[in-house]
Every structure is written in structure tokens, then in C-alpha cells.
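Source file: structure_21.txt; contents: compact mmCIF, C-alpha atoms.
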# COMPACT_ATOMS: atom_id res chain seq x y z
CA LYS A 26 21.58 35.73 -13.12
CA GLU A 27 21.95 39.07 -11.31
CA PHE A 28 25.73 38.54 -11.11
CA GLN A 29 26.49 37.15 -14.57
CA ASN A 30 27.80 40.47 -15.90
CA LEU A 31 28.39 44.09 -14.93
CA THR A 32 25.49 45.56 -16.90
CA ARG A 33 22.66 44.45 -14.59
CA SER A 34 21.13 47.22 -12.48
CA THR A 35 21.93 45.16 -9.38
CA ILE A 36 25.62 46.04 -9.74
CA PRO A 37 25.48 49.86 -9.51
CA THR A 38 22.58 49.62 -7.04
CA LEU A 39 24.55 47.60 -4.50
CA ASN A 40 27.65 49.71 -5.05
CA TYR A 41 25.69 52.94 -4.62
CA TRP A 42 23.70 52.01 -1.53
CA LYS A 43 26.39 50.24 0.47
CA ASN A 44 28.16 53.57 1.10
CA ARG A 45 25.21 55.96 1.14
CA SER A 46 22.22 54.39 2.87
CA GLY A 47 22.01 56.85 5.80
CA PRO A 48 22.63 60.21 4.07
CA LYS A 49 20.81 59.10 0.94
CA ILE A 50 17.68 58.07 2.82
CA ASN A 51 17.65 61.33 4.77
CA GLU A 52 17.81 63.39 1.57
CA LEU A 53 15.15 61.34 -0.17
CA VAL A 54 12.89 61.57 2.86
CA ARG A 55 13.22 65.38 2.88
CA CYS A 56 12.27 65.49 -0.80
CA LEU A 57 9.07 63.65 0.09
CA GLY A 58 8.12 66.16 2.77
CA PHE A 59 9.51 64.68 5.98
CA ASN A 60 12.21 66.24 8.14
CA ARG A 61 13.28 62.81 9.36
CA LEU A 62 11.90 59.37 10.04
CA LYS A 63 11.61 58.15 13.61
CA ASP A 64 12.59 54.65 12.58
CA TYR A 65 12.82 52.73 9.33
CA ARG A 66 13.90 49.40 7.89
CA LEU A 67 15.54 48.88 4.51
CA TYR A 68 14.99 45.64 2.57
CA CYS A 69 16.51 44.27 -0.64
CA GLU A 70 14.25 42.31 -3.00
CA TYR A 71 11.19 43.00 -0.84
CA ALA A 72 8.37 40.66 -1.88
CA VAL A 73 4.72 41.73 -1.83
CA PRO A 74 2.31 38.83 -2.48
CA SER A 75 0.27 38.74 -5.64
CA LEU A 76 -3.35 37.58 -5.94
CA THR A 77 -2.64 33.95 -4.97
CA PRO A 78 0.41 32.05 -3.68
CA ARG A 79 0.78 30.56 -7.18
CA ASP A 80 1.26 33.98 -8.75
CA TYR A 81 4.64 35.65 -8.77
CA PRO A 82 5.07 38.27 -6.03
CA SER A 83 6.34 41.74 -6.83
CA CYS A 84 9.98 41.87 -5.66
CA THR A 85 11.15 45.47 -5.34
CA ASP A 86 14.90 46.14 -5.53
CA LEU A 87 14.92 48.26 -2.38
CA MET A 88 12.02 48.96 -0.02
CA LEU A 89 12.10 51.49 2.80
CA VAL A 90 9.47 50.71 5.43
CA SER A 91 8.38 52.94 8.31
CA ASP A 92 5.14 54.00 9.97
CA GLN A 93 5.45 57.42 8.32
CA LEU A 94 6.66 56.56 4.85
CA THR A 95 7.10 53.61 2.50
CA ILE A 96 9.33 53.97 -0.57
CA ALA A 97 9.64 51.33 -3.29
CA ILE A 98 12.89 51.93 -5.19
CA GLU A 99 13.30 50.17 -8.52
CA ALA A 100 16.74 50.41 -10.13
CA LYS A 101 17.33 50.70 -13.88
CA PHE A 102 20.60 50.63 -15.80
CA THR A 103 21.03 49.07 -19.25
CA GLU A 104 17.93 46.85 -19.23
CA PRO A 105 15.52 47.28 -22.17
CA LYS A 106 11.97 48.51 -21.64
CA TYR A 107 9.82 46.00 -19.78
CA GLU A 108 6.62 44.58 -21.26
CA THR A 109 3.33 46.44 -21.24
CA VAL A 110 0.16 45.13 -19.65
CA ASN A 111 -1.19 44.08 -23.05
CA ASP A 112 1.97 42.08 -23.79
CA TRP A 113 1.91 40.47 -20.37
CA LEU A 114 -1.75 39.45 -20.70
CA LEU A 115 -0.96 37.53 -23.90
CA LYS A 116 1.62 35.31 -22.19
CA GLY A 117 -0.62 33.32 -19.89
CA ASN A 118 -4.15 32.57 -18.78
CA ARG A 119 -5.70 35.90 -19.72
CA PRO A 120 -8.80 35.72 -17.46
CA HIS A 121 -6.62 34.92 -14.45
CA ARG A 122 -4.03 37.55 -15.33
CA GLU A 123 -6.80 40.12 -15.59
CA LYS A 124 -7.73 39.22 -12.00
CA VAL A 125 -4.08 39.68 -10.98
CA LEU A 126 -4.04 43.10 -12.63
CA ARG A 127 -7.22 44.10 -10.80
CA HIS A 128 -5.59 42.96 -7.55
CA TRP A 129 -2.61 45.29 -8.06
CA LEU A 130 -4.87 48.19 -9.07
CA SER A 131 -7.04 47.63 -5.99
CA LEU A 132 -3.97 48.28 -3.81
CA ILE A 133 -3.35 51.60 -5.57
CA GLN A 134 -7.00 52.68 -5.70
CA PRO A 135 -7.17 54.20 -2.17
CA PHE A 136 -4.40 56.60 -3.24
CA ALA A 137 -5.85 57.47 -6.67
CA ARG A 138 -8.21 60.28 -7.63
CA ASN A 139 -9.22 58.42 -10.79
CA GLU A 140 -11.19 55.19 -10.89
CA LEU A 141 -8.61 52.60 -11.93
CA LYS A 142 -10.06 50.53 -14.76
CA PRO A 143 -7.91 47.64 -16.06
CA GLU A 144 -8.80 48.41 -19.68
CA ASP A 145 -7.15 51.84 -19.36
CA PHE A 146 -3.73 50.37 -18.51
CA GLY A 147 -3.01 48.25 -21.59
CA ASP A 148 -0.06 50.34 -22.77
CA VAL A 149 1.41 50.87 -19.30
CA VAL A 150 4.57 49.00 -18.28
CA TYR A 151 3.25 46.17 -16.14
CA GLN A 152 6.16 46.26 -13.70
CA SER A 153 5.48 49.91 -12.84
CA ILE A 154 1.96 48.97 -11.75
CA HIS A 155 2.90 46.21 -9.33
CA ARG A 156 5.85 48.17 -7.97
CA THR A 157 3.53 51.10 -7.22
CA ALA A 158 1.03 48.67 -5.70
CA SER A 159 3.80 47.25 -3.51
CA ALA A 160 4.52 50.68 -2.06
CA CYS A 161 0.79 51.16 -1.40
CA ALA A 162 0.36 47.73 0.20
CA ILE A 163 2.43 48.55 3.27
CA PRO A 164 0.65 50.65 5.92
CA ALA A 165 2.18 54.13 6.23
CA ASP A 166 1.17 57.80 6.24
CA LYS A 167 2.66 58.30 2.77
CA HIS A 168 3.85 56.09 -0.06
CA ALA A 169 6.28 56.56 -2.95
CA MET A 170 7.49 54.58 -5.94
CA VAL A 171 10.78 55.79 -7.38
CA TYR A 172 12.65 54.61 -10.45
CA GLN A 173 16.36 55.03 -9.75
CA LEU A 174 17.96 55.35 -13.17
CA PHE A 175 21.72 54.91 -13.48
CA THR A 176 23.15 56.49 -16.64
CA ALA A 177 26.64 56.19 -18.08
CA ASN A 178 28.43 57.73 -21.02
CA TYR A 179 28.83 54.31 -22.63
CA ALA A 180 25.10 53.45 -22.38
CA ASP A 181 22.73 53.88 -25.30
CA ASP A 182 20.79 57.06 -24.54
CA ASP A 183 17.74 55.74 -26.40
CA THR A 184 17.50 52.95 -23.83
CA ASN A 185 16.65 55.43 -21.10
CA ASN A 186 14.43 57.96 -22.86
CA HIS A 187 11.19 56.13 -22.18
CA TYR A 188 11.31 56.06 -18.37
CA TYR A 189 10.14 59.63 -17.86
CA ASP A 190 7.29 59.26 -20.35
CA ASP A 191 6.27 55.87 -18.94
CA LEU A 192 6.00 57.16 -15.38
CA CYS A 193 4.21 60.35 -16.40
CA HIS A 194 1.68 58.23 -18.29
CA LEU A 195 1.15 56.03 -15.24
CA LYS A 196 0.72 59.07 -13.02
CA THR A 197 -1.80 60.59 -15.43
CA LEU A 198 -3.95 57.45 -15.29
CA ILE A 199 -3.78 57.25 -11.49
CA ARG A 200 -3.90 60.94 -10.53
CA PRO A 201 -2.33 60.18 -7.14
CA THR A 202 -3.60 61.72 -3.94
CA ASP A 203 -1.21 63.65 -1.72
CA ASN A 204 -0.33 60.36 0.00
CA LEU A 205 1.30 58.83 -3.09
CA GLU A 206 4.33 60.05 -5.04
CA ILE A 207 5.69 58.59 -8.28
CA GLY A 208 9.10 59.82 -9.36
CA LEU A 209 12.29 59.35 -11.30
CA GLU A 210 15.80 59.84 -9.96
CA GLU A 211 18.69 59.96 -12.41
CA ILE A 212 22.20 59.19 -11.20
CA GLU A 213 25.18 59.58 -13.50
CA LEU A 214 27.98 57.10 -12.99
CA ALA A 215 31.34 56.28 -14.52
CA PRO A 216 33.29 53.01 -14.24
CA ASN A 217 36.47 53.44 -12.21
CA ARG A 218 39.76 51.55 -12.48
CA ASN A 219 38.44 48.74 -10.27
CA HIS A 220 35.62 48.21 -12.76
CA VAL A 221 38.05 48.15 -15.67
CA ALA A 222 40.32 45.65 -13.91
CA LEU A 223 37.41 43.40 -12.97
CA LEU A 224 36.05 43.47 -16.51
CA LYS A 225 39.39 42.25 -17.85
CA ARG A 226 39.44 39.44 -15.29
CA LEU A 227 35.89 38.42 -16.17
CA GLU A 228 36.77 38.16 -19.86
CA GLN A 229 39.30 35.45 -18.98
CA ALA A 230 37.23 33.67 -16.33
CA ASP A 231 35.11 30.53 -16.49
CA ALA A 232 31.40 31.34 -16.55
CA LYS A 233 30.81 29.42 -13.31
CA ASP A 234 33.29 31.67 -11.45
CA ILE A 235 31.90 35.00 -12.62
CA PRO A 236 29.11 35.49 -10.03
CA ASP A 237 31.47 34.95 -7.10
CA MET A 238 34.07 37.27 -8.61
CA ILE A 239 31.49 40.04 -8.99
CA ARG A 240 30.11 39.52 -5.46
CA GLU A 241 33.61 39.64 -3.96
CA SER A 242 34.44 42.84 -5.82
CA LEU A 243 31.22 44.53 -4.73
CA ALA A 244 31.85 43.57 -1.12
CA THR A 245 35.42 44.84 -0.99
CA ARG A 246 35.69 47.81 -3.36
CA ASN A 247 33.81 50.43 -5.35
CA LEU A 248 33.35 49.85 -9.08
CA PHE A 249 31.87 53.24 -10.04
CA THR A 250 32.09 56.90 -9.23
CA PHE A 251 28.70 58.60 -8.85
CA LYS A 252 27.70 62.19 -9.44
CA GLU A 253 25.17 64.11 -7.38
CA TRP A 254 21.63 62.90 -7.74
CA ALA A 255 18.39 64.76 -8.33
CA TYR A 256 14.86 63.70 -7.42
CA ALA A 257 12.02 64.61 -9.78
CA THR A 258 8.26 64.42 -9.52
CA TRP A 259 5.72 65.84 -11.94
CA ASP A 260 2.41 67.68 -11.85
CA VAL A 261 0.26 66.08 -14.53

In C-alpha cells, what does this structure look like?
Amino acid sequence: KEFQNLTRSTIPTLNYWKNRSGPKINELVRCLGFNRLKDYRLYCEYAVPSLTPRDYPSCTDLMLVSDQLTIAIEAKFTEPKYETVNDWLLKGNRPHREKVLRHWLSLIQPFARNELKPEDFGDVVYQSIHRTASACAIPADKHAMVYQLFTANYADDDTNNHYYDDLCHLKTLIRPTDNLEIGLEEIELAPNRNHVALLKRLEQADAKDIPDMIRESLATRNLFTFKEWAYATWDV
């Protein structure tokens, strides 16, 4: 489903990172207080186990792993706001899901100044909790969870307004220690002529052929132009 259309966050994420991984990582690392990393590994769709093998793991779009620093990077583009904890609890076995929530919060707790009580997180976006927990689950000197928000002039601005408020709210509830950062990075993009040409081809294509067409285009050409990025964290 990640390659059924050009509006999924996977598309700009892969296009952005395939050309920028080295310089981009170096800049992000400096923003988090490190001159450089001695060694690191970069993983796509990095899975951190949930409470039990039967529960869905948290699969982060991009995870940087090193002894010094772990960064969970979650990409956003045109997707609507994800469900809150309260909404998520209503969709399954509530007592078990409450245990899953406590599991994720227990991973964050060593890096929180506040006591993390499940009842305080009902209006928090559930995904932001387990993505933060994923960053905290990997041993390192410092941890970070970053929303990488791609914005375009054809996107509905109202779609993106909530990300800043959502993450600030999460950070207020956690009150992270100096070893945990939560931030938002906004990257402006514009479709280029390759994107326009591919979109026209996709409109005429059979649905079964679309994923391969998108994968081939991402592998061989750029579909967007990107402006300079800025990293933001907040004192709350």
C-alpha cells in the first residue's frame, strides 16, 4: 500500500534520503549536540517489539542507531492525524491494550522527569508514544524522536497544523531529561517535471502496475525538489 499513489509519506522520504543520508545525518547529529558519530547504522521500517509477540511492533520509518545516539525519524506528508490513545483503546481488548500502553511508557520513563501515568495520555496521538518509546528502547547515550514533515504548496495546510501542538503536548506530559529530545523538522518540497510525467502515466496505468512504476521511478530519478530544512525543539 505504500506505493499505491504519490501522496504517501514514503515517496518523499525515500526520494529525500537516497541523496542526502551522509550530509543530512551529520547536520541532524550536530543539532542534537554531537560533533560527529563514530559509527552508525541507518534502518528503514525499524521494528521494536511490543508487549508480546502477538502485538504489533512499532515500525519507525527511519532509525539511526549508534552507541552515542539513537534517532527515530517518522515521516509525515498528506496523511490525516493519527488516532489518539483513547480512540485506540476502544478498538480492541481494552485491558490488554492498557498493558501495551504501559509497556511503551515504561520504555520512556527512564528519560522522563514526570511519572508517566497511562490515564494522562488519553488525548495524545498513540503513534507518537510508541515511536518515542522505540527511540528509548535502543541503548545509547542520547535518544531523539523526530517528526519529519514534508509540506507542499498543493497540500491542505490544515492537515499539518496539529503536528507541532501534538508533539508539544507529548513533551509537556513527559518532561524529557537531557538524554531525550522530541522535535519537528519541516521540509518544503515541490513536485518536479519527473513527478508530473509519472503522475500522468499512473492515471493511465492498471492498478496492479502502479507500485512497480513508482518504485522504478524512485530508484532512477528524483520526483521532488527540496528546500533547506530546519530542526526545531521546544522548551515546555

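Between atom CA of His128 of chain A and atom CA of Leu205 of chain A there is a distance of 17.9 Å.
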
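Atom CA of Gln173 of chain A sits 6.1 Å away from atom CA of Glu211 of chain A.
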
- Task: Determine, counting all atoms listed in the file, which protein, DNA and RNA residues have an atom within 9 Å of an atom of Ala162 of chain A; residues of the same chain fewer than 4 positions away are not included. Present the result as a VMD selection string.
- Result: chain A and resid 73 132 to 133 157 to 158

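Distances from A:Asp64, A:Glu140, A:Glu70, A:Glu241 to Thr197 of chain A were compared using all atoms listed in the file, and the smallest one belongs to A:Glu140.
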
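In this comparison, which uses all atoms listed in the file, the residue of A:Ile212, A:Ala97, A:Cys161, A:Ala222 approaching Ala177 of chain A most closely is A:Ile212.
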
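Distances to Lys101 of chain A were evaluated for A:Asn30, A:Thr250, A:Ser242, A:Thr85 using only C-alpha atoms, and the minimum falls at A:Thr85.
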
- Do you know which residues are at most 10 Å from segment 52-54 of chain A counting all atoms listed in the file, after dropping those on the same chain fewer than 3 positions away, and could you put them as an MDAnalysis selection string? chainID A and resid 47:49 57:62 94:96 210 255:256

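These residues, each with an atom at most 9 Å from (25.6, 51.4, -6.7) using all atoms listed in the file, are Ser34, Thr35, Ile36, Pro37, Thr38, Leu39, Asn40, Tyr41, Trp42, Lys43, Asn44, Phe175, Leu214, Asn247, Leu248, Phe249, Thr250 and Phe251 of chain A.
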
- Using all atoms listed in the file, which residues sit within 10 Å of Leu89 of chain A once same-chain residues fewer than 6 positions away are excluded, as an MDAnalysis selection string? chainID A and resid 50 65:69 71 95:98 160 168:169

- Task: Between A:Leu174, A:Leu224, A:Leu195, A:Ile235, single out the one closest to Thr103 of chain A, counting all atoms listed in the file.
- Result: A:Leu174

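Among the candidates A:Asn111, A:Ser83, A:Thr32, A:Asn118, the one nearest to Gln152 of chain A when counting only C-alpha atoms is A:Ser83.
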
- Message: So that I can check the surroundings of Asp145 of chain A, please list as a ChimeraX atom specification every protein, DNA and RNA residue that reaches within 12 Å of it, counting all atoms listed in the file and ignoring chain neighbours fewer than 2 positions away.
- Response: /A:109-111,126-127,130,139-143,147-149,194-195,197-199

- Message: Under the rule that all atoms listed in the file are counted, which of A:Met170, A:Leu209, A:Val150, A:Leu227 is the nearest residue to Lys106 of chain A?
- Response: A:Val150

- Please work out which residues fall within 10 Å of (0.4, 38.5, -3.9), coordinates as given in the file, with all atoms listed in the file counting, and return them as a list in words. Ala72, Val73, Pro74, Ser75, Leu76, Thr77, Pro78, Arg79, Asp80, Tyr81, Pro82, Ser83, Val125, His128, Trp129, His155 and Ser159 of chain A

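In this model, the gap between atom CA of Arg240 of chain A and atom CA of Val171 of chain A comes to 25.3 Å.
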
Would you compute an axis-aligned box for segment 75-84 of chain A, covering every atom listed for it in the file with 4 Å of margin on each side, and report centre and edge lengths in Å to one decimal as JSON?
{"center_x": 3.3, "center_y": 36.2, "center_z": -6.2, "size_x": 21.3, "size_y": 19.3, "size_z": 13.1}

Would you mind completing segment 199-213 of chain A so that it carries N, CA and C atoms, and writing it out as a PDB file, in the frame of the given file?
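Below is the file result-v7.pdb, written as the result:
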ATOM      1  N   ILE A 199      -3.452  57.418 -12.909  1.00  0.00           N
ATOM      2  CA  ILE A 199      -3.780  57.250 -11.490  1.00  0.00           C
ATOM      3  C   ILE A 199      -4.302  58.554 -10.884  1.00  0.00           C
ATOM      4  N   ARG A 200      -3.672  59.656 -11.220  1.00  0.00           N
ATOM      5  CA  ARG A 200      -3.900  60.940 -10.530  1.00  0.00           C
ATOM      6  C   ARG A 200      -3.774  60.740  -9.018  1.00  0.00           C
ATOM      7  N   PRO A 201      -2.535  60.534  -8.547  1.00  0.00           N
ATOM      8  CA  PRO A 201      -2.330  60.180  -7.140  1.00  0.00           C
ATOM      9  C   PRO A 201      -2.837  61.254  -6.175  1.00  0.00           C
ATOM     10  N   THR A 202      -3.288  60.808  -5.029  1.00  0.00           N
ATOM     11  CA  THR A 202      -3.600  61.720  -3.940  1.00  0.00           C
ATOM     12  C   THR A 202      -2.295  62.231  -3.338  1.00  0.00           C
ATOM     13  N   ASP A 203      -2.411  63.087  -2.350  1.00  0.00           N
ATOM     14  CA  ASP A 203      -1.210  63.650  -1.720  1.00  0.00           C
ATOM     15  C   ASP A 203      -0.419  62.592  -0.951  1.00  0.00           C
ATOM     16  N   ASN A 204      -1.006  61.421  -0.751  1.00  0.00           N
ATOM     17  CA  ASN A 204      -0.330  60.360   0.000  1.00  0.00           C
ATOM     18  C   ASN A 204       0.462  59.402  -0.876  1.00  0.00           C
ATOM     19  N   LEU A 205       0.536  59.696  -2.183  1.00  0.00           N
ATOM     20  CA  LEU A 205       1.300  58.830  -3.090  1.00  0.00           C
ATOM     21  C   LEU A 205       2.129  59.682  -4.036  1.00  0.00           C
ATOM     22  N   GLU A 206       3.414  59.384  -4.108  1.00  0.00           N
ATOM     23  CA  GLU A 206       4.330  60.050  -5.040  1.00  0.00           C
ATOM     24  C   GLU A 206       4.883  59.017  -6.011  1.00  0.00           C
ATOM     25  N   ILE A 207       5.037  59.417  -7.262  1.00  0.00           N
ATOM     26  CA  ILE A 207       5.690  58.590  -8.280  1.00  0.00           C
ATOM     27  C   ILE A 207       6.774  59.451  -8.901  1.00  0.00           C
ATOM     28  N   GLY A 208       8.005  58.968  -8.910  1.00  0.00           N
ATOM     29  CA  GLY A 208       9.100  59.820  -9.360  1.00  0.00           C
ATOM     30  C   GLY A 208      10.227  59.083 -10.027  1.00  0.00           C
ATOM     31  N   LEU A 209      11.110  59.858 -10.610  1.00  0.00           N
ATOM     32  CA  LEU A 209      12.290  59.350 -11.300  1.00  0.00           C
ATOM     33  C   LEU A 209      13.517  60.061 -10.754  1.00  0.00           C
ATOM     34  N   GLU A 210      14.521  59.292 -10.441  1.00  0.00           N
ATOM     35  CA  GLU A 210      15.800  59.840  -9.960  1.00  0.00           C
ATOM     36  C   GLU A 210      16.889  59.375 -10.905  1.00  0.00           C
ATOM     37  N   GLU A 211      17.625  60.301 -11.461  1.00  0.00           N
ATOM     38  CA  GLU A 211      18.690  59.960 -12.410  1.00  0.00           C
ATOM     39  C   GLU A 211      20.044  60.174 -11.754  1.00  0.00           C
ATOM     40  N   ILE A 212      20.879  59.146 -11.815  1.00  0.00           N
ATOM     41  CA  ILE A 212      22.200  59.190 -11.200  1.00  0.00           C
ATOM     42  C   ILE A 212      23.243  58.869 -12.268  1.00  0.00           C
ATOM     43  N   GLU A 213      24.120  59.807 -12.510  1.00  0.00           N
ATOM     44  CA  GLU A 213      25.180  59.580 -13.500  1.00  0.00           C
ATOM     45  C   GLU A 213      26.343  58.862 -12.845  1.00  0.00           C
TER      46      GLU A 213
END
